[in-house]
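Asker: This is the structure I have questions about; it appears just below.
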Amino acid sequence: MKAYLKTKKLTTPVGYADNDDPKIRMNLINFFNCGDEGSRADFYGINTYRWCGDETDFKTSGYEDITKNMTSYTIPSLLTEYGCNLVRPRTFSDVKSLYGTDMGSTFSGGIMYEYTEEDNEYGIVKVSFGDSKVEKNGDYDNFKKALAAVKPQGVKMDSYKASGKDSVCPAASNVWHVKSDVLPPTPSQARCQCMIDSLGCTFKSDKLSTAEGKLVGEVVGNICGATSCDEISVDTAKGMYGDFSACSSLQRSAWAVNKNYENQRSAVCEAGDVETKIIGSPKQGDVKKCLSEKDDNGVVGKPSGSGSSSSKDEDNSDDSDSDEDSNESSGASAVTAQLAAAVAAVMLLAF
(Lines give C-alpha, C1' and ligand atoms only; values in the text may rest on other atoms or scores of the structure.)
Protein backbone atom coordinates (compact mmCIF):
# COMPACT_ATOMS: atom_id res chain seq x y z
CA MET A 1 0.00 0.00 0.00
CA LYS A 2 2.82 2.42 0.85
CA ALA A 3 4.56 1.60 -2.42
CA TYR A 4 1.32 2.20 -4.33
CA LEU A 5 0.78 5.59 -2.67
CA LYS A 6 4.35 6.53 -3.56
CA THR A 7 3.71 5.81 -7.24
CA LYS A 8 0.76 8.22 -7.03
CA LYS A 9 2.98 10.87 -5.37
CA LEU A 10 0.83 10.72 -2.22
CA THR A 11 2.24 11.03 1.29
CA THR A 12 -0.81 9.72 3.15
CA PRO A 13 0.36 7.89 6.32
CA VAL A 14 -0.50 4.19 6.50
CA GLY A 15 -1.10 2.76 9.96
CA TYR A 16 -2.60 -0.19 11.78
CA ALA A 17 -5.06 -0.44 14.66
CA ASP A 18 -4.95 -3.62 16.75
CA ASN A 19 -7.65 -5.17 18.94
CA ASP A 20 -5.51 -5.48 22.09
CA ASP A 21 -5.46 -9.28 21.86
CA PRO A 22 -3.08 -10.54 24.59
CA LYS A 23 -2.10 -13.65 22.59
CA ILE A 24 -0.56 -11.75 19.69
CA ARG A 25 -0.31 -8.20 21.08
CA MET A 26 3.48 -8.00 21.17
CA ASN A 27 3.82 -9.82 17.86
CA LEU A 28 1.66 -7.18 16.19
CA ILE A 29 3.44 -4.31 17.90
CA ASN A 30 6.84 -5.59 16.82
CA PHE A 31 5.75 -6.63 13.32
CA PHE A 32 4.59 -3.17 12.32
CA ASN A 33 7.79 -1.54 13.59
CA CYS A 34 10.35 -3.90 12.05
CA GLY A 35 11.99 -4.17 8.65
CA ASP A 36 12.84 -1.30 6.34
CA GLU A 37 10.99 2.00 6.23
CA GLY A 38 8.96 0.91 3.23
CA SER A 39 7.64 -2.09 5.17
CA ARG A 40 6.96 -0.49 8.55
CA ALA A 41 3.72 1.25 9.43
CA ASP A 42 3.73 5.05 9.73
CA PHE A 43 1.75 4.90 12.98
CA TYR A 44 0.34 2.25 15.28
CA GLY A 45 -3.03 2.30 17.00
CA ILE A 46 -4.53 0.31 19.86
CA ASN A 47 -8.25 -0.24 20.40
CA THR A 48 -8.80 -0.78 24.11
CA TYR A 49 -11.86 -0.72 26.34
CA ARG A 50 -10.25 -1.59 29.68
CA TRP A 51 -10.68 1.57 31.77
CA CYS A 52 -14.15 1.29 33.27
CA GLY A 53 -15.35 3.89 35.77
CA ASP A 54 -13.66 5.96 38.46
CA GLU A 55 -12.73 2.89 40.51
CA THR A 56 -10.23 1.98 37.77
CA ASP A 57 -6.90 3.72 37.51
CA PHE A 58 -3.79 3.83 35.31
CA LYS A 59 -2.40 0.63 36.82
CA THR A 60 -5.48 -1.53 37.39
CA SER A 61 -6.90 -0.73 33.94
CA GLY A 62 -3.85 -2.16 32.22
CA TYR A 63 -3.04 1.22 30.63
CA GLU A 64 0.29 1.15 32.43
CA ASP A 65 1.24 -2.10 30.68
CA ILE A 66 0.08 -0.75 27.32
CA THR A 67 2.30 2.29 27.81
CA LYS A 68 5.35 0.23 28.79
CA ASN A 69 5.01 -1.76 25.58
CA MET A 70 5.32 1.42 23.51
CA THR A 71 7.97 3.47 25.33
CA SER A 72 10.81 2.58 22.92
CA TYR A 73 8.66 2.57 19.79
CA THR A 74 10.05 4.51 16.84
CA ILE A 75 6.77 5.34 15.09
CA PRO A 76 3.88 7.40 16.51
CA SER A 77 1.33 5.47 18.54
CA LEU A 78 -2.15 6.39 19.73
CA LEU A 79 -5.31 4.87 21.13
CA THR A 80 -7.42 4.53 18.01
CA GLU A 81 -10.44 3.59 20.14
CA TYR A 82 -10.77 3.97 23.88
CA GLY A 83 -13.59 4.02 26.39
CA CYS A 84 -15.89 1.75 28.40
CA ASN A 85 -19.63 1.82 29.06
CA LEU A 86 -19.89 -0.93 31.65
CA VAL A 87 -20.08 1.72 34.40
CA ARG A 88 -22.64 4.50 34.05
CA PRO A 89 -22.44 7.41 33.72
CA ARG A 90 -19.23 7.45 31.71
CA THR A 91 -16.85 9.91 33.36
CA PHE A 92 -13.85 9.38 31.02
CA SER A 93 -11.30 9.40 33.81
CA ASP A 94 -8.79 7.79 31.43
CA VAL A 95 -8.49 11.12 29.58
CA LYS A 96 -6.37 12.51 32.43
CA SER A 97 -3.77 9.75 32.02
CA LEU A 98 -3.86 9.75 28.22
CA TYR A 99 -3.13 13.47 27.95
CA GLY A 100 -1.12 13.80 31.15
CA THR A 101 2.21 12.64 32.52
CA ASP A 102 1.23 8.94 32.57
CA MET A 103 1.02 8.58 28.80
CA GLY A 104 1.55 11.96 27.20
CA SER A 105 5.22 11.41 26.36
CA THR A 106 4.50 8.02 24.72
CA PHE A 107 1.13 8.32 22.98
CA SER A 108 -0.06 10.90 20.47
CA GLY A 109 -3.48 11.13 22.08
CA GLY A 110 -6.43 9.00 21.11
CA ILE A 111 -9.92 8.75 19.63
CA MET A 112 -12.75 8.27 22.09
CA TYR A 113 -15.18 5.48 21.23
CA GLU A 114 -17.57 6.71 20.01
CA TYR A 115 -19.42 9.78 18.76
CA THR A 116 -22.74 8.54 17.36
CA GLU A 117 -24.96 6.12 19.25
CA GLU A 118 -25.27 2.59 17.89
CA ASP A 119 -26.73 -0.65 19.25
CA ASN A 120 -23.78 -1.08 21.64
CA GLU A 121 -24.69 2.23 23.38
CA TYR A 122 -21.21 3.74 23.32
CA GLY A 123 -22.25 6.96 21.53
CA ILE A 124 -22.40 10.40 23.11
CA VAL A 125 -24.94 11.76 20.58
CA LYS A 126 -27.92 10.37 18.71
CA VAL A 127 -28.52 11.07 15.03
CA SER A 128 -31.09 9.88 12.53
CA PHE A 129 -30.62 9.26 8.82
CA GLY A 130 -31.87 12.19 6.78
CA ASP A 131 -32.15 14.44 9.84
CA SER A 132 -29.47 17.03 10.66
CA LYS A 133 -30.54 17.20 14.30
CA VAL A 134 -27.96 15.99 16.86
CA GLU A 135 -29.23 14.94 20.28
CA LYS A 136 -26.57 14.99 23.00
CA ASN A 137 -26.71 12.68 25.97
CA GLY A 138 -25.15 13.07 29.43
CA ASP A 139 -21.91 11.38 28.33
CA TYR A 140 -21.31 14.19 25.84
CA ASP A 141 -20.99 16.77 28.60
CA ASN A 142 -18.92 14.40 30.73
CA PHE A 143 -16.42 13.91 27.89
CA LYS A 144 -16.30 17.64 27.23
CA LYS A 145 -15.57 18.24 30.92
CA ALA A 146 -12.81 15.62 30.97
CA LEU A 147 -11.09 17.18 27.95
CA ALA A 148 -11.33 20.68 29.40
CA ALA A 149 -9.55 19.51 32.57
CA VAL A 150 -6.34 18.40 30.80
CA LYS A 151 -3.58 20.50 29.28
CA PRO A 152 -1.47 18.37 26.91
CA GLN A 153 2.07 19.69 26.58
CA GLY A 154 3.14 18.12 23.32
CA VAL A 155 6.56 18.55 21.73
CA LYS A 156 7.64 21.34 19.41
CA MET A 157 9.24 20.19 16.18
CA ASP A 158 12.49 22.09 16.74
CA SER A 159 12.99 20.47 20.15
CA TYR A 160 12.08 16.92 19.11
CA LYS A 161 14.80 14.30 19.46
CA ALA A 162 14.30 10.86 17.96
CA SER A 163 14.57 8.00 20.43
CA GLY A 164 13.70 4.34 20.62
CA LYS A 165 14.75 1.56 18.29
CA ASP A 166 13.31 -0.54 15.51
CA SER A 167 11.63 -3.71 16.69
CA VAL A 168 12.89 -7.21 15.92
CA CYS A 169 10.51 -8.98 13.54
CA PRO A 170 8.63 -11.72 15.44
CA ALA A 171 9.34 -15.33 14.52
CA ALA A 172 6.55 -17.66 13.41
CA SER A 173 5.02 -19.63 16.28
CA ASN A 174 1.91 -21.56 17.26
CA VAL A 175 0.05 -18.27 17.75
CA TRP A 176 1.82 -16.10 15.15
CA HIS A 177 1.44 -17.74 11.76
CA VAL A 178 3.53 -15.26 9.82
CA LYS A 179 7.09 -15.32 8.47
CA SER A 180 7.59 -11.67 9.24
CA ASP A 181 10.50 -10.95 6.90
CA VAL A 182 8.59 -12.03 3.78
CA LEU A 183 5.83 -9.80 2.46
CA PRO A 184 3.02 -10.98 0.16
CA PRO A 185 3.47 -10.13 -3.53
CA THR A 186 2.13 -6.87 -4.88
CA PRO A 187 -1.02 -7.56 -6.94
CA SER A 188 -0.59 -7.46 -10.70
CA GLN A 189 -3.61 -7.27 -12.97
CA ALA A 190 -1.33 -7.73 -15.98
CA ARG A 191 0.30 -10.86 -14.56
CA CYS A 192 -3.05 -12.40 -13.62
CA GLN A 193 -4.64 -11.60 -16.99
CA CYS A 194 -1.61 -13.12 -18.71
CA MET A 195 -2.11 -16.28 -16.66
CA ILE A 196 -5.80 -16.42 -17.64
CA ASP A 197 -4.79 -15.97 -21.29
CA SER A 198 -2.58 -19.06 -21.00
CA LEU A 199 -5.38 -21.43 -19.90
CA GLY A 200 -6.75 -24.08 -22.19
CA CYS A 201 -9.71 -24.74 -19.89
CA THR A 202 -11.56 -22.01 -18.00
CA PHE A 203 -15.01 -20.83 -16.90
CA LYS A 204 -17.53 -19.69 -19.49
CA SER A 205 -18.54 -16.71 -17.36
CA ASP A 206 -16.40 -14.20 -15.50
CA LYS A 207 -19.04 -14.02 -12.76
CA LEU A 208 -20.46 -16.82 -10.65
CA SER A 209 -23.66 -17.13 -8.69
CA THR A 210 -23.56 -17.90 -4.97
CA ALA A 211 -24.37 -21.55 -5.66
CA GLU A 212 -21.69 -21.75 -8.35
CA GLY A 213 -19.18 -20.16 -5.99
CA LYS A 214 -19.80 -22.91 -3.45
CA LEU A 215 -19.43 -25.59 -6.09
CA VAL A 216 -16.18 -24.12 -7.39
CA GLY A 217 -14.80 -23.97 -3.84
CA GLU A 218 -15.43 -27.69 -3.44
CA VAL A 219 -13.94 -28.48 -6.85
CA VAL A 220 -10.78 -26.47 -6.17
CA GLY A 221 -10.44 -28.10 -2.77
CA ASN A 222 -10.58 -31.55 -4.33
CA ILE A 223 -8.12 -30.64 -7.08
CA CYS A 224 -5.59 -29.10 -4.69
CA GLY A 225 -5.95 -32.06 -2.36
CA ALA A 226 -4.79 -34.37 -5.13
CA THR A 227 -2.08 -32.25 -6.75
CA SER A 228 0.16 -29.32 -5.92
CA CYS A 229 -1.48 -25.91 -6.13
CA ASP A 230 1.55 -24.02 -4.87
CA GLU A 231 1.29 -21.42 -7.65
CA ILE A 232 -2.03 -20.12 -6.27
CA SER A 233 -1.58 -21.02 -2.59
CA VAL A 234 -0.40 -19.14 0.48
CA ASP A 235 1.40 -20.31 3.60
CA THR A 236 2.11 -17.22 5.68
CA ALA A 237 3.96 -19.16 8.40
CA LYS A 238 6.55 -20.30 5.85
CA GLY A 239 6.52 -17.08 3.85
CA MET A 240 5.31 -18.99 0.81
CA TYR A 241 3.24 -16.98 -1.66
CA GLY A 242 2.52 -18.63 -5.00
CA ASP A 243 3.29 -16.79 -8.22
CA PHE A 244 -0.42 -16.17 -8.81
CA SER A 245 -1.62 -16.10 -5.19
CA ALA A 246 -2.42 -12.39 -5.45
CA CYS A 247 -4.86 -12.96 -8.31
CA SER A 248 -8.61 -12.90 -7.72
CA SER A 249 -10.33 -15.97 -6.32
CA LEU A 250 -12.03 -16.62 -9.66
CA GLN A 251 -8.70 -16.42 -11.50
CA ARG A 252 -7.01 -18.75 -9.03
CA SER A 253 -9.92 -21.18 -9.32
CA ALA A 254 -9.63 -21.11 -13.12
CA TRP A 255 -5.93 -21.93 -12.79
CA ALA A 256 -6.79 -24.98 -10.65
CA VAL A 257 -9.49 -26.18 -13.05
CA ASN A 258 -7.02 -25.88 -15.94
CA LYS A 259 -4.37 -27.74 -13.94
CA ASN A 260 -6.83 -30.59 -13.49
CA TYR A 261 -7.65 -30.46 -17.21
CA GLU A 262 -3.96 -30.72 -18.15
CA ASN A 263 -3.40 -33.60 -15.71
CA GLN A 264 -6.20 -35.74 -17.12
CA ARG A 265 -5.39 -38.13 -19.94
CA SER A 266 -8.94 -37.83 -21.27
CA ALA A 267 -8.58 -34.03 -21.27
CA VAL A 268 -12.05 -33.28 -19.90
CA CYS A 269 -12.57 -29.60 -19.12
CA GLU A 270 -14.96 -29.51 -16.17
CA ALA A 271 -15.67 -27.82 -12.84
CA GLY A 272 -18.54 -29.79 -11.38
CA ASP A 273 -21.83 -28.34 -12.60
CA VAL A 274 -20.28 -24.95 -13.40
CA GLU A 275 -20.04 -24.30 -17.14
CA THR A 276 -16.54 -24.29 -18.63
CA LYS A 277 -15.01 -23.88 -22.07
CA ILE A 278 -11.93 -25.11 -23.91
CA ILE A 279 -9.61 -22.58 -25.49
CA GLY A 280 -8.01 -24.28 -28.49
CA SER A 281 -5.20 -21.75 -28.94
CA PRO A 282 -4.57 -19.69 -25.79
CA LYS A 283 -3.26 -16.16 -26.36
CA GLN A 284 -0.29 -16.86 -24.11
CA GLY A 285 1.62 -20.00 -24.92
CA ASP A 286 4.00 -19.95 -21.96
CA VAL A 287 2.61 -19.08 -18.53
CA LYS A 288 6.14 -18.59 -17.16
CA LYS A 289 6.44 -15.45 -19.27
CA CYS A 290 3.61 -13.95 -17.20
CA LEU A 291 6.00 -13.58 -14.25
CA SER A 292 7.83 -10.82 -16.10
CA GLU A 293 4.69 -8.68 -16.30
CA LYS A 294 4.65 -5.46 -14.26
CA ASP A 295 2.87 -5.42 -10.92
CA ASP A 296 0.30 -2.73 -10.16
CA ASN A 297 3.08 -0.46 -8.88
CA GLY A 298 4.88 -0.66 -12.23
CA VAL A 299 7.65 -2.99 -11.03
CA VAL A 300 8.80 -5.62 -13.50
CA GLY A 301 9.84 -9.12 -12.48
CA LYS A 302 9.02 -12.12 -10.33
CA PRO A 303 6.43 -11.49 -7.60
CA SER A 304 7.81 -10.62 -4.17
CA GLY A 305 7.12 -13.01 -1.31
CA SER A 306 9.43 -15.80 -2.47
CA GLY A 307 6.97 -17.65 -4.68
CA SER A 308 6.37 -21.37 -4.55
CA SER A 309 9.65 -22.64 -5.99
CA SER A 310 11.98 -20.64 -3.75
CA SER A 311 10.07 -21.67 -0.64
CA LYS A 312 10.35 -25.35 -1.53
CA ASP A 313 14.04 -24.95 -2.33
CA GLU A 314 14.64 -23.45 1.11
CA ASP A 315 12.68 -26.13 2.94
CA ASN A 316 14.29 -29.03 1.05
CA SER A 317 17.81 -27.76 0.37
CA ASP A 318 19.36 -30.80 2.05
CA ASP A 319 16.98 -33.42 0.68
CA SER A 320 16.88 -33.25 -3.11
CA ASP A 321 15.48 -36.79 -3.40
CA SER A 322 12.21 -35.76 -1.78
CA ASP A 323 11.25 -33.04 -4.30
CA GLU A 324 8.31 -34.99 -5.73
CA ASP A 325 6.93 -35.88 -2.31
CA SER A 326 7.39 -32.27 -1.22
CA ASN A 327 5.37 -31.02 -4.18
CA GLU A 328 2.47 -33.30 -3.28
CA SER A 329 2.57 -32.57 0.44
CA SER A 330 2.89 -28.81 0.00
CA GLY A 331 -0.19 -28.78 -2.20
CA ALA A 332 -2.14 -30.87 0.29
CA SER A 333 -1.01 -28.80 3.27
CA ALA A 334 -2.14 -25.60 1.60
CA VAL A 335 -5.55 -26.95 0.63
CA THR A 336 -7.39 -26.10 3.85
CA ALA A 337 -6.55 -22.41 3.69
CA GLN A 338 -6.88 -22.33 -0.08
CA LEU A 339 -10.30 -24.00 -0.03
CA ALA A 340 -11.59 -21.64 2.64
CA ALA A 341 -10.33 -18.66 0.65
CA ALA A 342 -11.82 -19.98 -2.57
CA VAL A 343 -15.26 -20.63 -1.06
CA ALA A 344 -15.44 -17.31 0.79
CA ALA A 345 -13.93 -15.08 -1.87
CA VAL A 346 -15.57 -16.61 -4.93
CA MET A 347 -18.95 -16.22 -3.24
CA LEU A 348 -18.26 -12.49 -3.01
CA LEU A 349 -18.33 -12.35 -6.79
CA ALA A 350 -21.95 -13.46 -6.87
CA PHE A 351 -24.70 -10.92 -7.32
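Ordered as shown in the C-alpha coordinates, chains take letters A, B, and onward, while each chain numbers its residues from 1 and ligands are numbered from 1 in the order shown.
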Using only C-alpha atoms, determine which residues lie at most 8 Å from stretch 34-38 of chain A, disregarding the query and same-chain residues fewer than 5 positions distant; provide the list as JSON, numbers by chain.
Answerer: {"A": [2, 3, 166, 167, 168, 169, 181]}
Asker: So which residues touch A:Tyr122 within 10 Å, counting only C-alpha atoms, skipping near sequence neighbours fewer than 4 positions away, as a list of chain:residue names?
Answerer: A:Gly83, A:Cys84, A:Asn85, A:Leu86, A:Arg90, A:Met112, A:Tyr113, A:Glu114, A:Tyr115, A:Thr116, A:Glu117, A:Glu118, A:Asp139
Asker: What separation in Å, quoted to one decimal, exists between atom CA of A:Asp243 and atom CA of A:Ala171?
Answerer: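 Distance reported for this atom pair: 23.6 Å.
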Asker: Considering only C-alpha atoms, state which residue in the set A:Ile66, A:Ile75, A:Cys224, A:Ala149 is at the smallest distance from A:Ser93.
Answerer: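 Once distances to A:Ser93 are computed over only C-alpha atoms, the minimum belongs to A:Ala149.
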Asker: Which of these residues is nearest to A:Tyr16, using only C-alpha atoms: A:Ile124, A:Gly239, A:Pro76, A:Tyr63?
Answerer: A:Pro76
Asker: Just list the residues in stretch 109-215 of chain A DSSP gives strand (DSSP E or B) on the backbone, as a PDB file with N, CA, C and O atoms, in the first residue's frame.
Answerer:
```pdb
ATOM      1  N   GLY A 110      -5.564  10.123  21.423  1.00  0.00           N
ATOM      2  CA  GLY A 110      -6.434   8.996  21.114  1.00  0.00           C
ATOM      3  C   GLY A 110      -7.774   9.449  20.576  1.00  0.00           C
ATOM      4  O   GLY A 110      -8.073  10.644  20.516  1.00  0.00           O
ATOM      5  N   ILE A 111      -8.591   8.497  20.177  1.00  0.00           N
ATOM      6  CA  ILE A 111      -9.923   8.752  19.629  1.00  0.00           C
ATOM      7  C   ILE A 111     -10.938   8.053  20.526  1.00  0.00           C
ATOM      8  O   ILE A 111     -10.941   6.823  20.639  1.00  0.00           O
ATOM      9  N   MET A 112     -11.754   8.840  21.174  1.00  0.00           N
ATOM     10  CA  MET A 112     -12.747   8.271  22.091  1.00  0.00           C
ATOM     11  C   MET A 112     -13.779   7.470  21.308  1.00  0.00           C
ATOM     12  O   MET A 112     -14.215   7.852  20.228  1.00  0.00           O
ATOM     13  N   THR A 116     -21.310   8.783  17.573  1.00  0.00           N
ATOM     14  CA  THR A 116     -22.736   8.538  17.360  1.00  0.00           C
ATOM     15  C   THR A 116     -23.208   7.242  18.018  1.00  0.00           C
ATOM     16  O   THR A 116     -22.492   6.247  18.035  1.00  0.00           O
ATOM     17  N   VAL A 125     -23.847  11.030  21.219  1.00  0.00           N
ATOM     18  CA  VAL A 125     -24.945  11.759  20.577  1.00  0.00           C
ATOM     19  C   VAL A 125     -25.791  10.774  19.791  1.00  0.00           C
ATOM     20  O   VAL A 125     -25.326   9.698  19.407  1.00  0.00           O
ATOM     21  N   LYS A 126     -27.027  11.157  19.540  1.00  0.00           N
ATOM     22  CA  LYS A 126     -27.925  10.370  18.705  1.00  0.00           C
ATOM     23  C   LYS A 126     -28.233  11.147  17.435  1.00  0.00           C
ATOM     24  O   LYS A 126     -28.508  12.349  17.484  1.00  0.00           O
ATOM     25  N   VAL A 127     -28.175  10.454  16.306  1.00  0.00           N
ATOM     26  CA  VAL A 127     -28.519  11.071  15.033  1.00  0.00           C
ATOM     27  C   VAL A 127     -29.434  10.120  14.281  1.00  0.00           C
ATOM     28  O   VAL A 127     -29.459   8.919  14.540  1.00  0.00           O
ATOM     29  N   SER A 128     -30.194  10.679  13.347  1.00  0.00           N
ATOM     30  CA  SER A 128     -31.092   9.881  12.526  1.00  0.00           C
ATOM     31  C   SER A 128     -30.803  10.158  11.064  1.00  0.00           C
ATOM     32  O   SER A 128     -30.503  11.300  10.684  1.00  0.00           O
ATOM     33  N   ASP A 131     -31.806  13.368   8.901  1.00  0.00           N
ATOM     34  CA  ASP A 131     -32.149  14.440   9.841  1.00  0.00           C
ATOM     35  C   ASP A 131     -30.856  15.054  10.365  1.00  0.00           C
ATOM     36  O   ASP A 131     -29.986  14.349  10.879  1.00  0.00           O
ATOM     37  N   SER A 132     -30.691  16.355  10.235  1.00  0.00           N
ATOM     38  CA  SER A 132     -29.467  17.026  10.661  1.00  0.00           C
ATOM     39  C   SER A 132     -29.421  17.280  12.170  1.00  0.00           C
ATOM     40  O   SER A 132     -28.408  17.741  12.693  1.00  0.00           O
ATOM     41  N   LYS A 133     -30.490  16.953  12.863  1.00  0.00           N
ATOM     42  CA  LYS A 133     -30.542  17.196  14.302  1.00  0.00           C
ATOM     43  C   LYS A 133     -29.615  16.240  15.043  1.00  0.00           C
ATOM     44  O   LYS A 133     -29.562  15.050  14.763  1.00  0.00           O
ATOM     45  N   VAL A 134     -28.848  16.782  16.011  1.00  0.00           N
ATOM     46  CA  VAL A 134     -27.955  15.988  16.861  1.00  0.00           C
ATOM     47  C   VAL A 134     -28.436  16.101  18.300  1.00  0.00           C
ATOM     48  O   VAL A 134     -28.525  17.194  18.851  1.00  0.00           O
ATOM     49  N   GLU A 135     -28.731  14.959  18.898  1.00  0.00           N
ATOM     50  CA  GLU A 135     -29.227  14.936  20.278  1.00  0.00           C
ATOM     51  C   GLU A 135     -28.118  14.454  21.215  1.00  0.00           C
ATOM     52  O   GLU A 135     -27.699  13.299  21.158  1.00  0.00           O
ATOM     53  N   LYS A 136     -27.636  15.332  22.068  1.00  0.00           N
ATOM     54  CA  LYS A 136     -26.566  14.987  23.000  1.00  0.00           C
ATOM     55  C   LYS A 136     -27.136  14.234  24.194  1.00  0.00           C
ATOM     56  O   LYS A 136     -28.266  14.481  24.621  1.00  0.00           O
ATOM     57  N   CYS A 201      -8.402 -24.395 -20.454  1.00  0.00           N
ATOM     58  CA  CYS A 201      -9.709 -24.735 -19.891  1.00  0.00           C
ATOM     59  C   CYS A 201     -10.041 -23.688 -18.845  1.00  0.00           C
ATOM     60  O   CYS A 201      -9.245 -23.436 -17.933  1.00  0.00           O
ATOM     61  N   THR A 202     -11.189 -23.058 -18.953  1.00  0.00           N
ATOM     62  CA  THR A 202     -11.557 -22.013 -18.000  1.00  0.00           C
ATOM     63  C   THR A 202     -13.074 -21.923 -17.906  1.00  0.00           C
ATOM     64  O   THR A 202     -13.810 -22.680 -18.541  1.00  0.00           O
ATOM     65  N   PHE A 203     -13.559 -20.992 -17.081  1.00  0.00           N
ATOM     66  CA  PHE A 203     -15.006 -20.825 -16.903  1.00  0.00           C
ATOM     67  C   PHE A 203     -15.606 -20.074 -18.091  1.00  0.00           C
ATOM     68  O   PHE A 203     -14.945 -19.208 -18.684  1.00  0.00           O
TER      69      PHE A 203
END
```
Asker: Excluding A:Asn47 and residues on its chain fewer than 3 positions from it, collect all residues at most 7 Å away from it, counting only C-alpha atoms, and give them as a list in words.
Answerer: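 Contacts, in chain order: Ala17, Asp18, Asn19, Asp20, Leu79, Thr80, Glu81 and Tyr82 of chain A.
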Asker: Here is a test: counting only C-alpha atoms, which residue of A:Gly104, A:Ala256, A:Gly200, A:Ser205 is nearest to A:Thr227?
Answerer: A:Ala256
Asker: State, in Å with one decimal place, the distance from atom CA of A:Lys294 to atom CA of A:Phe43.
Answerer: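 Atom CA of A:Phe43 lies at a distance of 29.3 Å from atom CA of A:Lys294.
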